[in-house]
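Structure data follow from work.pdb (PDB, C-alpha atoms and all ligand atoms):
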```
ATOM      1  CA  MET V   1      40.544 -34.085  28.803
ATOM      2  CA  SER V   2      37.324 -35.949  28.192
ATOM      3  CA  ALA V   3      34.920 -34.844  25.500
ATOM      4  CA  ARG V   4      32.410 -33.922  28.158
ATOM      5  CA  ALA V   5      31.952 -30.280  28.998
ATOM      6  CA  VAL V   6      34.052 -28.861  31.783
ATOM      7  CA  THR V   7      31.737 -26.708  33.857
ATOM      8  CA  ALA V   8      32.716 -24.093  36.369
ATOM      9  CA  THR V   9      30.535 -21.936  38.530
ATOM     10  CA  VAL V  10      31.324 -18.239  38.427
ATOM     11  CA  THR V  11      30.020 -15.596  40.762
ATOM     12  CA  LEU V  12      29.387 -12.209  39.213
ATOM     13  CA  VAL V  13      28.096  -9.194  41.108
ATOM     14  CA  GLY V  14      25.110 -10.560  42.877
ATOM     15  CA  PHE V  15      24.280 -13.634  40.897
ATOM     16  CA  VAL V  16      25.636 -17.009  39.901
ATOM     17  CA  GLY V  17      25.955 -18.168  36.299
ATOM     18  CA  ILE V  18      27.179 -21.366  34.723
ATOM     19  CA  LEU V  19      30.272 -20.890  32.595
ATOM     20  CA  VAL V  20      30.729 -23.653  30.101
ATOM     21  CA  LEU V  21      33.620 -25.014  28.102
ATOM     22  CA  PRO V  22      32.125 -26.723  25.036
ATOM     23  CA  THR V  23      32.113 -30.428  24.332
ATOM     24  CA  ALA V  24      33.918 -31.490  21.164
ATOM     25  CA  ALA V  25      30.572 -31.791  19.400
ATOM     26  CA  GLU V  26      29.544 -28.345  20.540
ATOM     27  CA  ALA V  27      32.861 -26.863  19.492
ATOM     28  CA  ALA V  28      32.388 -28.331  16.021
ATOM     29  CA  GLN V  29      28.822 -27.067  15.969
ATOM     30  CA  GLN V  30      30.036 -23.560  16.682
ATOM     31  CA  HIS V  31      31.552 -23.514  13.205
ATOM     32  CA  ASP V  32      28.423 -24.741  11.433
ATOM     33  CA  ARG V  33      26.989 -22.433   8.849
ATOM     34  CA  PRO V  34      24.525 -20.031  10.437
ATOM     35  CA  VAL V  35      20.779 -20.316  10.229
ATOM     36  CA  VAL V  36      19.435 -17.604   7.921
ATOM     37  CA  VAL V  37      16.178 -15.938   8.995
ATOM     38  CA  ALA V  38      13.948 -13.950   6.627
ATOM     39  CA  HIS V  39      13.457 -10.638   8.452
ATOM     40  CA  ARG V  40       9.824  -9.471   8.495
ATOM     41  CA  GLY V  41       9.458 -12.295   5.961
ATOM     42  CA  GLY V  42      11.258 -11.828   2.657
ATOM     43  CA  SER V  43      10.909  -8.093   3.209
ATOM     44  CA  GLY V  44      13.494  -7.079   0.639
ATOM     45  CA  TYR V  45      11.186  -8.405  -2.047
ATOM     46  CA  ALA V  46       7.638  -8.160  -0.688
ATOM     47  CA  PRO V  47       5.831  -5.886   1.786
ATOM     48  CA  GLU V  48       7.205  -6.551   5.263
ATOM     49  CA  ASN V  49       5.230  -8.632   7.742
ATOM     50  CA  THR V  50       2.570  -9.619   5.190
ATOM     51  CA  LEU V  51       1.554 -13.102   4.077
ATOM     52  CA  GLN V  52       3.159 -12.280   0.728
ATOM     53  CA  ALA V  53       6.481 -11.754   2.539
ATOM     54  CA  ILE V  54       6.437 -15.185   4.193
ATOM     55  CA  ASP V  55       5.393 -16.788   0.905
ATOM     56  CA  LYS V  56       8.347 -15.074  -0.748
ATOM     57  CA  ALA V  57      10.688 -16.434   1.925
ATOM     58  CA  ASP V  58       9.207 -19.876   1.324
ATOM     59  CA  LYS V  59       9.735 -19.589  -2.446
ATOM     60  CA  LEU V  60      13.345 -18.626  -1.811
ATOM     61  CA  GLY V  61      13.694 -21.758   0.337
ATOM     62  CA  PHE V  62      13.758 -20.241   3.830
ATOM     63  CA  ASP V  63      12.030 -21.920   6.747
ATOM     64  CA  TRP V  64      12.669 -19.327   9.426
ATOM     65  CA  VAL V  65      10.736 -16.070   9.222
ATOM     66  CA  GLU V  66      10.800 -13.182  11.689
ATOM     67  CA  ASN V  67       7.798 -10.984  12.495
ATOM     68  CA  ASP V  68       6.608  -8.256  14.877
ATOM     69  CA  VAL V  69       3.445  -8.563  16.954
ATOM     70  CA  GLN V  70       1.328  -5.722  18.401
ATOM     71  CA  ARG V  71      -2.227  -5.301  19.741
ATOM     72  CA  THR V  72      -5.204  -3.377  18.366
ATOM     73  CA  LYS V  73      -7.593  -1.097  20.254
ATOM     74  CA  ASP V  74     -10.019  -4.002  20.661
ATOM     75  CA  GLY V  75      -7.395  -6.474  21.826
ATOM     76  CA  ARG V  76      -6.583  -8.406  18.641
ATOM     77  CA  LEU V  77      -2.999  -9.354  17.861
ATOM     78  CA  VAL V  78      -1.682  -8.163  14.497
ATOM     79  CA  VAL V  79       1.614  -8.384  12.638
ATOM     80  CA  ILE V  80       3.260  -5.038  11.922
ATOM     81  CA  HIS V  81       6.643  -3.506  12.732
ATOM     82  CA  ASP V  82       6.039   0.204  13.334
ATOM     83  CA  THR V  83       3.898   1.267  16.284
ATOM     84  CA  HIS V  84       2.062   3.556  13.859
ATOM     85  CA  LEU V  85       0.353   2.701  10.600
ATOM     86  CA  ALA V  86       1.440   5.526   8.299
ATOM     87  CA  ARG V  87       4.682   4.228   6.769
ATOM     88  CA  THR V  88       3.433   0.910   5.443
ATOM     89  CA  THR V  89      -0.281   1.507   4.809
ATOM     90  CA  ASN V  90      -2.718   3.978   3.256
ATOM     91  CA  VAL V  91      -4.200   4.850   6.658
ATOM     92  CA  GLU V  92      -3.934   8.592   6.010
ATOM     93  CA  GLN V  93      -6.256   8.268   3.011
ATOM     94  CA  VAL V  94      -8.667   5.789   4.578
ATOM     95  CA  PHE V  95      -8.889   7.434   8.003
ATOM     96  CA  PRO V  96      -7.912  11.112   7.579
ATOM     97  CA  GLY V  97      -7.602  13.084  10.795
ATOM     98  CA  ARG V  98      -6.738  10.082  12.974
ATOM     99  CA  ALA V  99      -3.066  11.065  13.434
ATOM    100  CA  PRO V 100      -0.734   9.888  14.919
ATOM    101  CA  TYR V 101      -2.181   6.640  13.501
ATOM    102  CA  ASN V 102      -1.007   4.416  16.346
ATOM    103  CA  VAL V 103      -1.730   0.723  15.904
ATOM    104  CA  ARG V 104      -3.244   0.653  19.402
ATOM    105  CA  ASP V 105      -5.798   3.372  18.477
ATOM    106  CA  PHE V 106      -7.407   1.347  15.656
ATOM    107  CA  THR V 107      -9.695  -1.656  15.849
ATOM    108  CA  ALA V 108      -8.903  -4.883  14.045
ATOM    109  CA  ALA V 109     -11.800  -4.208  11.647
ATOM    110  CA  GLU V 110     -10.371  -0.792  10.783
ATOM    111  CA  ILE V 111      -6.877  -2.201  10.306
ATOM    112  CA  ALA V 112      -8.262  -4.918   8.026
ATOM    113  CA  LYS V 113      -9.397  -2.173   5.621
ATOM    114  CA  LEU V 114      -5.874  -0.856   5.069
ATOM    115  CA  ASP V 115      -3.681  -1.588   2.082
ATOM    116  CA  ALA V 116      -0.290  -2.728   3.399
ATOM    117  CA  GLY V 117       1.238  -3.590   0.033
ATOM    118  CA  ARG V 118       0.940  -0.659  -2.341
ATOM    119  CA  TRP V 119       3.812   1.277  -0.734
ATOM    120  CA  LYS V 120       6.164  -1.523  -1.749
ATOM    121  CA  GLY V 121       4.979  -1.631  -5.365
ATOM    122  CA  ALA V 122       1.808  -1.668  -7.465
ATOM    123  CA  LYS V 123       1.884  -5.445  -7.802
ATOM    124  CA  PHE V 124       1.411  -5.790  -4.037
ATOM    125  CA  THR V 125      -1.745  -3.659  -3.919
ATOM    126  CA  GLY V 126      -4.350  -5.293  -1.706
ATOM    127  CA  ALA V 127      -1.961  -6.923   0.740
ATOM    128  CA  ARG V 128      -3.280  -6.659   4.297
ATOM    129  CA  ILE V 129      -1.829  -6.395   7.785
ATOM    130  CA  PRO V 130      -2.330  -9.982   8.927
ATOM    131  CA  THR V 131      -3.821 -10.931  12.232
ATOM    132  CA  LEU V 132      -1.461 -13.162  14.175
ATOM    133  CA  THR V 133      -3.915 -16.021  13.611
ATOM    134  CA  GLN V 134      -3.764 -15.571   9.832
ATOM    135  CA  TYR V 135       0.007 -15.313  10.013
ATOM    136  CA  LEU V 136       0.441 -18.492  12.080
ATOM    137  CA  ASP V 137      -1.844 -20.379   9.705
ATOM    138  CA  ARG V 138       0.291 -19.374   6.736
ATOM    139  CA  VAL V 139       3.560 -20.247   8.469
ATOM    140  CA  ASP V 140       2.073 -23.662   9.255
ATOM    141  CA  HIS V 141       0.766 -24.047   5.699
ATOM    142  CA  ASN V 142       4.270 -23.361   4.366
ATOM    143  CA  HIS V 143       5.886 -25.689   6.954
ATOM    144  CA  GLN V 144       7.962 -22.746   8.137
ATOM    145  CA  LYS V 145       9.271 -21.695  11.559
ATOM    146  CA  LEU V 146       8.708 -18.462  13.443
ATOM    147  CA  LEU V 147      11.018 -16.046  15.221
ATOM    148  CA  MET V 148       8.296 -13.903  16.784
ATOM    149  CA  GLU V 149       9.090 -10.486  18.207
ATOM    150  CA  ILE V 150       6.814  -8.928  20.794
ATOM    151  CA  LYS V 151       7.156  -5.336  19.629
ATOM    152  CA  ALA V 152       7.060  -2.410  22.087
ATOM    153  CA  PRO V 153       5.420  -4.433  24.894
ATOM    154  CA  GLU V 154       5.479  -1.367  27.137
ATOM    155  CA  LEU V 155       2.597  -0.048  24.993
ATOM    156  CA  TYR V 156       0.561  -3.223  25.445
ATOM    157  CA  PRO V 157       0.418  -4.315  29.100
ATOM    158  CA  GLY V 158      -0.244  -8.042  29.358
ATOM    159  CA  ILE V 159       0.511  -8.745  25.698
ATOM    160  CA  GLU V 160       2.664 -11.747  26.639
ATOM    161  CA  LYS V 161      -0.388 -13.460  28.149
ATOM    162  CA  ASP V 162      -2.411 -12.620  25.028
ATOM    163  CA  VAL V 163       0.298 -13.993  22.726
ATOM    164  CA  LEU V 164       0.602 -17.226  24.694
ATOM    165  CA  ARG V 165      -3.160 -17.670  24.840
ATOM    166  CA  LEU V 166      -3.427 -17.273  21.066
ATOM    167  CA  LEU V 167      -0.487 -19.578  20.426
ATOM    168  CA  GLY V 168      -2.195 -22.217  22.550
ATOM    169  CA  LYS V 169      -5.510 -21.746  20.758
ATOM    170  CA  GLU V 170      -3.803 -22.115  17.369
ATOM    171  CA  ASP V 171      -2.010 -25.299  18.495
ATOM    172  CA  TRP V 172       1.397 -23.633  18.401
ATOM    173  CA  LEU V 173       2.340 -24.766  21.910
ATOM    174  CA  ASN V 174       2.423 -28.448  21.110
ATOM    175  CA  ARG V 175       5.693 -30.372  21.455
ATOM    176  CA  ASP V 176       6.765 -30.039  17.812
ATOM    177  CA  HIS V 177       6.201 -26.295  17.576
ATOM    178  CA  VAL V 178       7.779 -25.534  20.934
ATOM    179  CA  ARG V 179      10.811 -27.721  20.321
ATOM    180  CA  ASN V 180      11.481 -26.974  16.677
ATOM    181  CA  ARG V 181       9.443 -24.170  15.216
ATOM    182  CA  LEU V 182       9.048 -21.257  17.606
ATOM    183  CA  VAL V 183      11.272 -18.670  19.235
ATOM    184  CA  ILE V 184       9.846 -15.617  21.022
ATOM    185  CA  GLN V 185      12.066 -12.542  21.327
ATOM    186  CA  SER V 186      11.831  -8.903  22.414
ATOM    187  CA  PHE V 187      13.941  -5.829  23.066
ATOM    188  CA  SER V 188      12.258  -5.818  26.484
ATOM    189  CA  ALA V 189      14.017  -8.085  28.976
ATOM    190  CA  ALA V 190      10.926  -7.912  31.185
ATOM    191  CA  SER V 191       8.766  -9.205  28.356
ATOM    192  CA  VAL V 192      11.135 -12.083  27.557
ATOM    193  CA  ARG V 193      11.295 -12.965  31.240
ATOM    194  CA  THR V 194       7.504 -12.953  31.465
ATOM    195  CA  VAL V 195       7.205 -15.337  28.513
ATOM    196  CA  HIS V 196       9.808 -17.623  30.067
ATOM    197  CA  GLU V 197       8.115 -17.612  33.467
ATOM    198  CA  ARG V 198       4.674 -18.347  31.988
ATOM    199  CA  ARG V 199       5.905 -21.031  29.572
ATOM    200  CA  PRO V 200       9.395 -22.206  30.572
ATOM    201  CA  ASP V 201       9.434 -24.715  27.706
ATOM    202  CA  ILE V 202       9.452 -22.008  25.001
ATOM    203  CA  THR V 203      12.763 -20.924  23.455
ATOM    204  CA  THR V 204      13.284 -17.200  24.036
ATOM    205  CA  GLY V 205      15.615 -14.500  22.758
ATOM    206  CA  PHE V 206      16.668 -11.093  24.040
ATOM    207  CA  LEU V 207      17.195  -8.456  21.363
ATOM    208  CA  GLY V 208      20.190  -6.329  22.215
ATOM    209  CA  THR V 209      23.812  -6.439  23.312
ATOM    210  CA  PRO V 210      23.988  -6.842  27.082
ATOM    211  CA  ALA V 211      27.345  -6.137  28.713
ATOM    212  CA  LYS V 212      29.376  -9.335  29.017
ATOM    213  CA  GLY V 213      29.161  -9.137  32.792
ATOM    214  CA  ASP V 214      25.363  -9.117  32.604
ATOM    215  CA  LEU V 215      25.097 -12.216  30.402
ATOM    216  CA  PRO V 216      24.625 -14.682  33.297
ATOM    217  CA  ARG V 217      21.547 -12.727  34.373
ATOM    218  CA  TYR V 218      20.056 -12.883  30.855
ATOM    219  CA  ALA V 219      20.926 -16.581  30.624
ATOM    220  CA  ARG V 220      18.358 -17.251  33.319
ATOM    221  CA  PHE V 221      15.458 -16.503  30.966
ATOM    222  CA  ALA V 222      16.823 -16.201  27.393
ATOM    223  CA  ASP V 223      18.199 -18.968  25.184
ATOM    224  CA  LEU V 224      19.424 -16.532  22.562
ATOM    225  CA  ILE V 225      21.113 -13.144  22.703
ATOM    226  CA  ASN V 226      20.347 -11.343  19.434
ATOM    227  CA  PRO V 227      22.390  -8.189  18.869
ATOM    228  CA  SER V 228      22.665  -5.714  16.013
ATOM    229  CA  ASN V 229      25.523  -6.750  13.716
ATOM    230  CA  GLY V 230      27.401  -3.485  14.259
ATOM    231  CA  THR V 231      27.777  -4.167  17.976
ATOM    232  CA  ILE V 232      29.472  -7.567  17.938
ATOM    233  CA  SER V 233      33.018  -8.908  17.878
ATOM    234  CA  ALA V 234      34.496 -12.415  18.042
ATOM    235  CA  GLY V 235      35.066 -11.818  21.750
ATOM    236  CA  TYR V 236      31.419 -10.933  22.301
ATOM    237  CA  VAL V 237      30.169 -13.995  20.419
ATOM    238  CA  ALA V 238      32.512 -16.181  22.458
ATOM    239  CA  ALA V 239      31.311 -14.530  25.667
ATOM    240  CA  VAL V 240      27.701 -15.394  24.779
ATOM    241  CA  HIS V 241      28.667 -18.939  23.867
ATOM    242  CA  ALA V 242      30.349 -19.386  27.228
ATOM    243  CA  PHE V 243      27.033 -19.611  29.055
ATOM    244  CA  ARG V 244      24.164 -22.044  29.119
ATOM    245  CA  GLY V 245      20.599 -20.780  28.898
ATOM    246  CA  PRO V 246      17.506 -21.806  30.850
ATOM    247  CA  HIS V 247      17.261 -25.101  28.968
ATOM    248  CA  GLY V 248      20.821 -26.106  29.761
ATOM    249  CA  LYS V 249      22.073 -25.529  26.230
ATOM    250  CA  ARG V 250      24.821 -23.175  25.117
ATOM    251  CA  LEU V 251      23.434 -19.687  24.510
ATOM    252  CA  LYS V 252      23.068 -18.867  20.829
ATOM    253  CA  LEU V 253      23.430 -15.559  19.021
ATOM    254  CA  PHE V 254      21.423 -14.470  15.975
ATOM    255  CA  THR V 255      22.464 -11.081  14.605
ATOM    256  CA  TRP V 256      20.480  -8.520  12.585
ATOM    257  CA  THR V 257      19.883  -6.984  10.079
ATOM    258  CA  VAL V 258      22.498  -8.148   7.579
ATOM    259  CA  ASN V 259      21.662  -7.203   4.005
ATOM    260  CA  ASP V 260      24.962  -7.448   2.122
ATOM    261  CA  ALA V 261      27.457 -10.197   1.371
ATOM    262  CA  ALA V 262      30.473  -8.556   3.002
ATOM    263  CA  THR V 263      28.709  -8.096   6.341
ATOM    264  CA  ALA V 264      27.318 -11.614   6.126
ATOM    265  CA  ARG V 265      30.834 -12.995   5.697
ATOM    266  CA  ARG V 266      32.115 -10.853   8.560
ATOM    267  CA  VAL V 267      29.509 -11.983  11.082
ATOM    268  CA  ALA V 268      29.716 -15.607   9.936
ATOM    269  CA  GLY V 269      33.455 -15.374  10.603
ATOM    270  CA  LEU V 270      32.708 -14.252  14.155
ATOM    271  CA  GLY V 271      30.884 -17.530  14.771
ATOM    272  CA  VAL V 272      27.272 -16.338  14.989
ATOM    273  CA  ASP V 273      24.572 -19.024  15.013
ATOM    274  CA  GLY V 274      22.055 -17.102  12.934
ATOM    275  CA  ILE V 275      21.815 -14.170  10.539
ATOM    276  CA  ILE V 276      18.569 -12.222  10.190
ATOM    277  CA  SER V 277      18.182 -10.558   6.786
ATOM    278  CA  ASN V 278      15.716  -8.775   4.520
ATOM    279  CA  VAL V 279      17.504 -10.496   1.617
ATOM    280  CA  PRO V 280      18.227 -13.988   2.972
ATOM    281  CA  ASP V 281      19.183 -15.280  -0.466
ATOM    282  CA  VAL V 282      22.067 -12.764  -0.571
ATOM    283  CA  VAL V 283      23.273 -14.009   2.817
ATOM    284  CA  ARG V 284      22.930 -17.664   1.842
ATOM    285  CA  LYS V 285      24.929 -17.060  -1.333
ATOM    286  CA  ALA V 286      27.663 -15.317   0.667
ATOM    287  CA  VAL V 287      28.069 -17.753   3.550
ATOM    288  CA  GLY V 288      26.030 -20.840   2.785
ATOM    289  CA  GLY V 289      23.717 -21.125   5.716
ATOM    290  CA  GLY V 290      20.838 -23.387   6.474
ATOM    291  CA  GLU V 291      17.077 -23.490   6.716
TER     292      GLU V 291
HETATM  293  O1  LIG T 301      14.849  -9.687  14.658
HETATM  294  C1  LIG T 301      15.664  -8.587  14.782
HETATM  295  C2  LIG T 301      15.055  -7.293  14.355
HETATM  296  O2  LIG T 301      13.768  -7.483  13.874
HETATM  297  C3  LIG T 301      15.055  -6.257  15.379
HETATM  298  O3  LIG T 301      14.813  -4.985  14.875
HETATM  299  O4  LIG T 301      13.462  -2.987  14.441
HETATM  300  O5  LIG T 301      13.599  -4.754  12.719
HETATM  301  O6  LIG T 301      12.300  -5.128  14.783
HETATM  302  P1  LIG T 301      13.483  -4.470  14.185
HETATM  303 CA    CA T 302      11.555  -7.340  14.512
END
```

Re-express the file's structure as structure tokens.
Ligand code: G3P
Ligand code: CA
Amino acid sequence: MSARAVTATVTLVGFVGILVLPTAAEAAQQHDRPVVVAHRGGSGYAPENTLQAIDKADKLGFDWVENDVQRTKDGRLVVIHDTHLARTTNVEQVFPGRAPYNVRDFTAAEIAKLDAGRWKGAKFTGARIPTLTQYLDRVDHNHQKLLMEIKAPELYPGIEKDVLRLLGKEDWLNRDHVRNRLVIQSFSAASVRTVHERRPDITTGFLGTPAKGDLPRYARFADLINPSNGTISAGYVAAVHAFRGPHGKRLKLFTWTVNDAATARRVAGLGVDGIISNVPDVVRKAVGGGE
């Protein structure tokens, strides 16, 4: 058999997907060490989703950082994981009586007043919830790469358009960023599809573990399938790898959130392409792993 891929068309309940046997190069690549991504920045060591967290990832030698993007009451994009502000900030002291402290109920100016570091340790006092603009600037400054999650898009109608507009304004949709330094992901398939339809050149990821039979449908708009580590097996990873995504490349799989050496070794053994971790140095020590 030649080294070129053998491609077959398969029909699966209502749609057509491209099933791919890998080239020799791709088969070898499948056993490369996984990319290690600093989850919410180096969030095991610094307050999650802050500039300090991406600086920590940089100091540890990690290029890829993951974050979570939401929208304020006045339409600004900010970087925070929870849809409320209470767990990671002093909002209850600064704005008493504003429960349930939803991100979407506060303006950007109000959010800028909050301390987002003290909860993680006294030395982080004064850390702020970054705007997405501030965050992108720091990622650029550090020469890092961004796995950006659109968090809870059902709460923020049209957020995909807002994110893409801001990325364009900040010069993050140029050839280098789009090809090498940006992936946009979400737990919402609709959101990922919207990003893909608006900017087909951007690499996208779906967060979750779709049934194997549904993978061809996801492969129309997602380049990566990113499941929780407890949900995957070697068979599942192989099933993902059997399809090509919207850019004609083999689908990849980055799994989360792996914070111990044993789990890192397990998922690396399954053939995952990436491991997302609060403690990326622990993962790198366990399995090697790049970037
Ligand atoms: O990137 C994967 C991971 O971030 C998904 O879960 O809840 O930490 O946003 P969560
Ligand atoms: Ca996330």

Worksheet entry | Residues selected by the PyMOL selection byres (((chain V and resi 84) around 6) and not hetatm), written as JSON, numbers by chain | {"V": [82, 83, 85, 86, 101, 102, 103]}

Discussion item. Going by the chain IDs and residue numbers used in this file, which residues fall under the PyMOL selection byres (((chain V and resi 61) around 10) and not hetatm)? Write them as a ChimeraX atom specification.
Written reply: /V:55-60,62-64,144,280-281,290-291

Discussion item. With distances taken over all atoms listed in the file, which residue among V:Gly117, V:Asn180, V:Arg87, V:Ser186 lies nearest ligand LIG 301 (chain T)?
Written reply: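 Smallest separation from ligand LIG 301 (chain T) among the options: V:Ser186.
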
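Once Val139 (chain V) and its same-chain neighbours fewer than 2 positions away are set aside, Leu51, Ile54, Asp55, Asp63, Val65, Gln134, Tyr135, Leu136, Asp137, His141, Asn142, His143, Gln144, Lys145 and Leu146 of chain V remain within 9 Å of it when counting only C-alpha atoms.
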
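Using only C-alpha atoms for every distance, the candidate list V:Asn67, V:Ile225, V:Val37, V:Ala122 yields V:Val37 as the residue closest to Thr257 (chain V).
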
Please put the answer as lines of an AutoDock Vina configuration file: centre and edge lengths, in Å with one decimal, of a box along x, y and z that encloses all listed atoms of ligand LIG 301 (chain T) plus 8 Å on each side.
```
center_x = 14.0
center_y = -6.3
center_z = 14.0
size_x = 19.4
size_y = 22.7
size_z = 18.7
```

Practice prompt. Run the PyMOL selection byres (((chain V and resi 229) around 10) and not hetatm) against the file shown and list the residues it catches, as a ChimeraX atom specification.
Written response: /V:209,226-228,230-233,254-258,263-264,266-267,272,275-276

File output for region 273-281 of chain V (all heavy atoms) as a tab-separated table (two decimals), in the first residue's frame:
```
chain	number	residue	atom	x	y	z
V	273	ASP	N	-3.68	13.91	21.64
V	273	ASP	CA	-2.79	14.91	21.03
V	273	ASP	C	-2.42	16.01	21.98
V	273	ASP	O	-1.42	16.70	21.80
V	273	ASP	CB	-3.49	15.53	19.81
V	273	ASP	CG	-3.93	14.47	18.83
V	273	ASP	OD1	-3.06	13.95	18.12
V	273	ASP	OD2	-5.13	14.15	18.80
V	274	GLY	N	-3.25	16.23	23.01
V	274	GLY	CA	-2.99	17.30	23.95
V	274	GLY	C	-3.55	16.97	25.32
V	274	GLY	O	-4.52	16.21	25.45
V	275	ILE	N	-2.89	17.54	26.35
V	275	ILE	CA	-3.33	17.35	27.73
V	275	ILE	C	-3.44	18.73	28.36
V	275	ILE	O	-2.48	19.51	28.35
V	275	ILE	CB	-2.34	16.47	28.53
V	275	ILE	CG1	-2.20	15.09	27.86
V	275	ILE	CG2	-2.79	16.34	29.98
V	275	ILE	CD1	-1.17	14.18	28.54
V	276	ILE	N	-4.61	19.03	28.90
V	276	ILE	CA	-4.89	20.33	29.50
V	276	ILE	C	-4.80	20.18	31.01
V	276	ILE	O	-5.47	19.32	31.58
V	276	ILE	CB	-6.28	20.83	29.05
V	276	ILE	CG1	-6.35	20.90	27.51
V	276	ILE	CG2	-6.62	22.16	29.67
V	276	ILE	CD1	-7.75	21.12	26.95
V	277	SER	N	-3.97	21.01	31.66
V	277	SER	CA	-3.66	20.76	33.08
V	277	SER	C	-3.45	22.05	33.86
V	277	SER	O	-2.86	23.00	33.35
V	277	SER	CB	-2.37	19.92	33.16
V	277	SER	OG	-1.97	19.76	34.50
V	278	ASN	N	-3.90	22.03	35.13
V	278	ASN	CA	-3.62	23.14	36.03
V	278	ASN	C	-2.14	23.14	36.43
V	278	ASN	O	-1.62	24.17	36.85
V	278	ASN	CB	-4.44	23.01	37.32
V	278	ASN	CG	-5.94	23.04	37.08
V	278	ASN	OD1	-6.39	23.43	36.02
V	278	ASN	ND2	-6.70	22.62	38.07
V	279	VAL	N	-1.52	21.96	36.34
V	279	VAL	CA	-0.11	21.81	36.75
V	279	VAL	C	0.67	21.21	35.57
V	279	VAL	O	1.11	20.06	35.62
V	279	VAL	CB	-0.01	20.93	38.03
V	279	VAL	CG1	-0.43	21.72	39.26
V	279	VAL	CG2	-0.85	19.66	37.92
V	280	PRO	N	0.84	21.99	34.51
V	280	PRO	CA	1.42	21.44	33.28
V	280	PRO	C	2.83	20.89	33.48
V	280	PRO	O	3.24	19.96	32.76
V	280	PRO	CB	1.42	22.64	32.34
V	280	PRO	CG	1.30	23.85	33.21
V	280	PRO	CD	0.50	23.42	34.39
V	281	ASP	N	3.55	21.43	34.45
V	281	ASP	CA	4.90	20.91	34.72
V	281	ASP	C	4.85	19.47	35.22
V	281	ASP	O	5.73	18.66	34.90
V	281	ASP	CB	5.63	21.82	35.72
V	281	ASP	CG	4.83	22.06	36.99
V	281	ASP	OD1	3.58	22.11	36.93
V	281	ASP	OD2	5.45	22.18	38.06
```
